[in-house]
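*Asks:* What follows is a single structure, and I will ask about it in a moment.
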Amino acid sequence: MQDKDDLELEAFFDAARQHAPDLPVALRDRIIVDAAAAMPPPSLGSRWTQFRDLLGGWYGISGVATAGLVGLWIGVAPPSDAMDPLAIFETEVSLDMFSDSLALMEVIEDDV
Amino acid sequence: MQTGGDDAVLLQRFASGDAAAARLLTDRLAPRCLAVAFRMLGERAEAEDITQEAMLKLWKIAPDWTETGAQVSTWLHQVTVNLCRDRLRKSARNGPALDDVAEPADPAPGADVQMQSKQRDAALQTALHQLPERQRIAVVLRHIEGLGNPEIAEILEISVEAVESLTARGKRALAKILLAQREELGMAQDAG
């Protein structure tokens, strides 16, 4: 149990806590100006870290890099059984194929 | 809320160039520095100088701050206390400056509660400066700033037992000085 002197002293400590000095605006400003002057400049490392995080970290970067390499490989040396993506612009429709299609359509109309 | 961990995160953000983190840290930590420095030195202008100097040391150490287990606030308290001790040694002042000496208590009956509280605060400030430096520091950190004995031990680089001894002796000395002024400080009516 606190003795009487301790309890009375506590009133003084309460008063001290109640009247703690406020941080003056001018002092706050000086401290923040000091912070700005002392702040380390953003390094190339930190810019890279921000870029990396934007892409989703190391997994994201590895995915982007892999996709880029695969795309380059397909463009330069496509697999033999892969459709030439440029062939779509050079499609030749043979007359035989066209006439076969017309015949098929006539059969379908007769059935209907 | 784990403020200690928050302070460390803010400090690391400051070190990465986050200006908002500096403002948040200033608002959280600088008032506590100022309070401790003022209690130790008794002069507001000097306490403000110490606060600015301590915060500058914090900004400079930010890039090297690691999660070593030390709390930012504990480190800052230690820096503040050491700066105050250096200042006291240089000035070799034994008491508060004249502008911080408490005005005589107003004996008029019916003094309001707020005025009474201010008088007690001023009387405590004067009494603190009659204590040996280490007792003053221990009492300020323990009974005004509310720090635990282990944290004070870390700040003063002494054992917990030594902190307990300093605060006990400091309180006994304060009681002797202050409680003799019971009547002037309106404490006789509180006790009644």
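Identifiers in the structure tokens: chain A, B, ... in order shown; residue index from 1 per chain; ligand index from 1 in order shown.
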Using only C-alpha atoms and a distance of at most 7 Å, pull out the residues of chain A that contact chain B, as a ChimeraX atom specification.
*Replies:* /A:5,9,12-13,15-17,20-23,27,31-32,34-35,38-42
*Asks:* Take the selection from the previous step and output its residues with N, CA and C atoms, as a PDB file, in the first residue's frame.
*Replies:*
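Saved result, result19.pdb, follows:
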```pdb
ATOM      1  N   ASP A   5       3.112   9.890   1.962  1.00  0.00           N
ATOM      2  CA  ASP A   5       4.036  10.768   1.245  1.00  0.00           C
ATOM      3  C   ASP A   5       4.049  10.453  -0.241  1.00  0.00           C
ATOM      4  N   LEU A   9       3.170  13.033  -3.148  1.00  0.00           N
ATOM      5  CA  LEU A   9       4.143  13.307  -4.219  1.00  0.00           C
ATOM      6  C   LEU A   9       3.526  13.078  -5.590  1.00  0.00           C
ATOM      7  N   PHE A  12       2.219  15.998  -7.336  1.00  0.00           N
ATOM      8  CA  PHE A  12       3.214  16.838  -8.013  1.00  0.00           C
ATOM      9  C   PHE A  12       3.569  16.244  -9.375  1.00  0.00           C
ATOM     10  N   PHE A  13       3.722  14.923  -9.408  1.00  0.00           N
ATOM     11  CA  PHE A  13       4.067  14.288 -10.678  1.00  0.00           C
ATOM     12  C   PHE A  13       2.915  14.439 -11.677  1.00  0.00           C
ATOM     13  N   ALA A  15       0.866  16.929 -11.779  1.00  0.00           N
ATOM     14  CA  ALA A  15       0.919  18.326 -12.243  1.00  0.00           C
ATOM     15  C   ALA A  15       1.999  18.485 -13.314  1.00  0.00           C
ATOM     16  N   ALA A  16       3.150  17.823 -13.112  1.00  0.00           N
ATOM     17  CA  ALA A  16       4.237  17.922 -14.086  1.00  0.00           C
ATOM     18  C   ALA A  16       3.811  17.340 -15.429  1.00  0.00           C
ATOM     19  N   ARG A  17       3.113  16.206 -15.396  1.00  0.00           N
ATOM     20  CA  ARG A  17       2.654  15.586 -16.651  1.00  0.00           C
ATOM     21  C   ARG A  17       1.616  16.479 -17.338  1.00  0.00           C
ATOM     22  N   ALA A  20       3.380  19.480 -19.159  1.00  0.00           N
ATOM     23  CA  ALA A  20       4.537  19.192 -20.015  1.00  0.00           C
ATOM     24  C   ALA A  20       4.595  20.249 -21.113  1.00  0.00           C
ATOM     25  N   PRO A  21       5.794  20.732 -21.463  1.00  0.00           N
ATOM     26  CA  PRO A  21       5.879  21.801 -22.467  1.00  0.00           C
ATOM     27  C   PRO A  21       5.387  21.318 -23.833  1.00  0.00           C
ATOM     28  N   ASP A  22       4.630  22.166 -24.518  1.00  0.00           N
ATOM     29  CA  ASP A  22       4.201  21.854 -25.882  1.00  0.00           C
ATOM     30  C   ASP A  22       5.372  22.070 -26.823  1.00  0.00           C
ATOM     31  N   LEU A  23       5.355  21.344 -27.917  1.00  0.00           N
ATOM     32  CA  LEU A  23       6.405  21.526 -28.913  1.00  0.00           C
ATOM     33  C   LEU A  23       6.100  22.804 -29.694  1.00  0.00           C
ATOM     34  N   LEU A  27      10.181  25.330 -33.352  1.00  0.00           N
ATOM     35  CA  LEU A  27      11.103  24.221 -33.104  1.00  0.00           C
ATOM     36  C   LEU A  27      10.757  23.044 -34.008  1.00  0.00           C
ATOM     37  N   ILE A  31      13.264  21.238 -36.746  1.00  0.00           N
ATOM     38  CA  ILE A  31      13.569  19.797 -36.733  1.00  0.00           C
ATOM     39  C   ILE A  31      13.260  19.185 -38.095  1.00  0.00           C
ATOM     40  N   ILE A  32      12.163  19.605 -38.701  1.00  0.00           N
ATOM     41  CA  ILE A  32      11.778  19.033 -39.999  1.00  0.00           C
ATOM     42  C   ILE A  32      12.715  19.527 -41.101  1.00  0.00           C
ATOM     43  N   ASP A  34      15.849  20.171 -40.603  1.00  0.00           N
ATOM     44  CA  ASP A  34      17.039  19.330 -40.383  1.00  0.00           C
ATOM     45  C   ASP A  34      16.842  17.961 -41.011  1.00  0.00           C
ATOM     46  N   ALA A  35      15.632  17.411 -40.872  1.00  0.00           N
ATOM     47  CA  ALA A  35      15.350  16.085 -41.435  1.00  0.00           C
ATOM     48  C   ALA A  35      15.500  16.117 -42.955  1.00  0.00           C
ATOM     49  N   ALA A  38      19.069  16.147 -43.892  1.00  0.00           N
ATOM     50  CA  ALA A  38      19.789  14.921 -43.555  1.00  0.00           C
ATOM     51  C   ALA A  38      19.269  13.713 -44.316  1.00  0.00           C
ATOM     52  N   MET A  39      18.123  13.870 -45.009  1.00  0.00           N
ATOM     53  CA  MET A  39      17.517  12.720 -45.672  1.00  0.00           C
ATOM     54  C   MET A  39      18.442  12.209 -46.765  1.00  0.00           C
ATOM     55  N   PRO A  40      18.701  10.885 -46.775  1.00  0.00           N
ATOM     56  CA  PRO A  40      19.585  10.361 -47.817  1.00  0.00           C
ATOM     57  C   PRO A  40      18.930  10.536 -49.178  1.00  0.00           C
ATOM     58  N   PRO A  41      19.700  10.850 -50.244  1.00  0.00           N
ATOM     59  CA  PRO A  41      19.113  10.981 -51.576  1.00  0.00           C
ATOM     60  C   PRO A  41      18.661   9.616 -52.051  1.00  0.00           C
ATOM     61  N   PRO A  42      17.558   9.539 -52.830  1.00  0.00           N
ATOM     62  CA  PRO A  42      17.134   8.248 -53.337  1.00  0.00           C
ATOM     63  C   PRO A  42      18.239   7.660 -54.211  1.00  0.00           C
TER      64      PRO A  42
END
```
*Asks:* Could you give me, as JSON, numbers by chain, the residues within 8 Å of Thr167 in chain B, counting only C-alpha atoms and dropping anything in the same chain fewer than 5 positions from it?
*Replies:* {"B": [135, 138, 139, 142]}
*Asks:* Measuring atom to atom with only C-alpha atoms, identify which of B:Leu156, B:Leu41, B:Ala47, B:Leu147 is nearest to Asn82 in chain B.
*Replies:*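 Closest to Asn82 in chain B of all the choices is B:Leu156.
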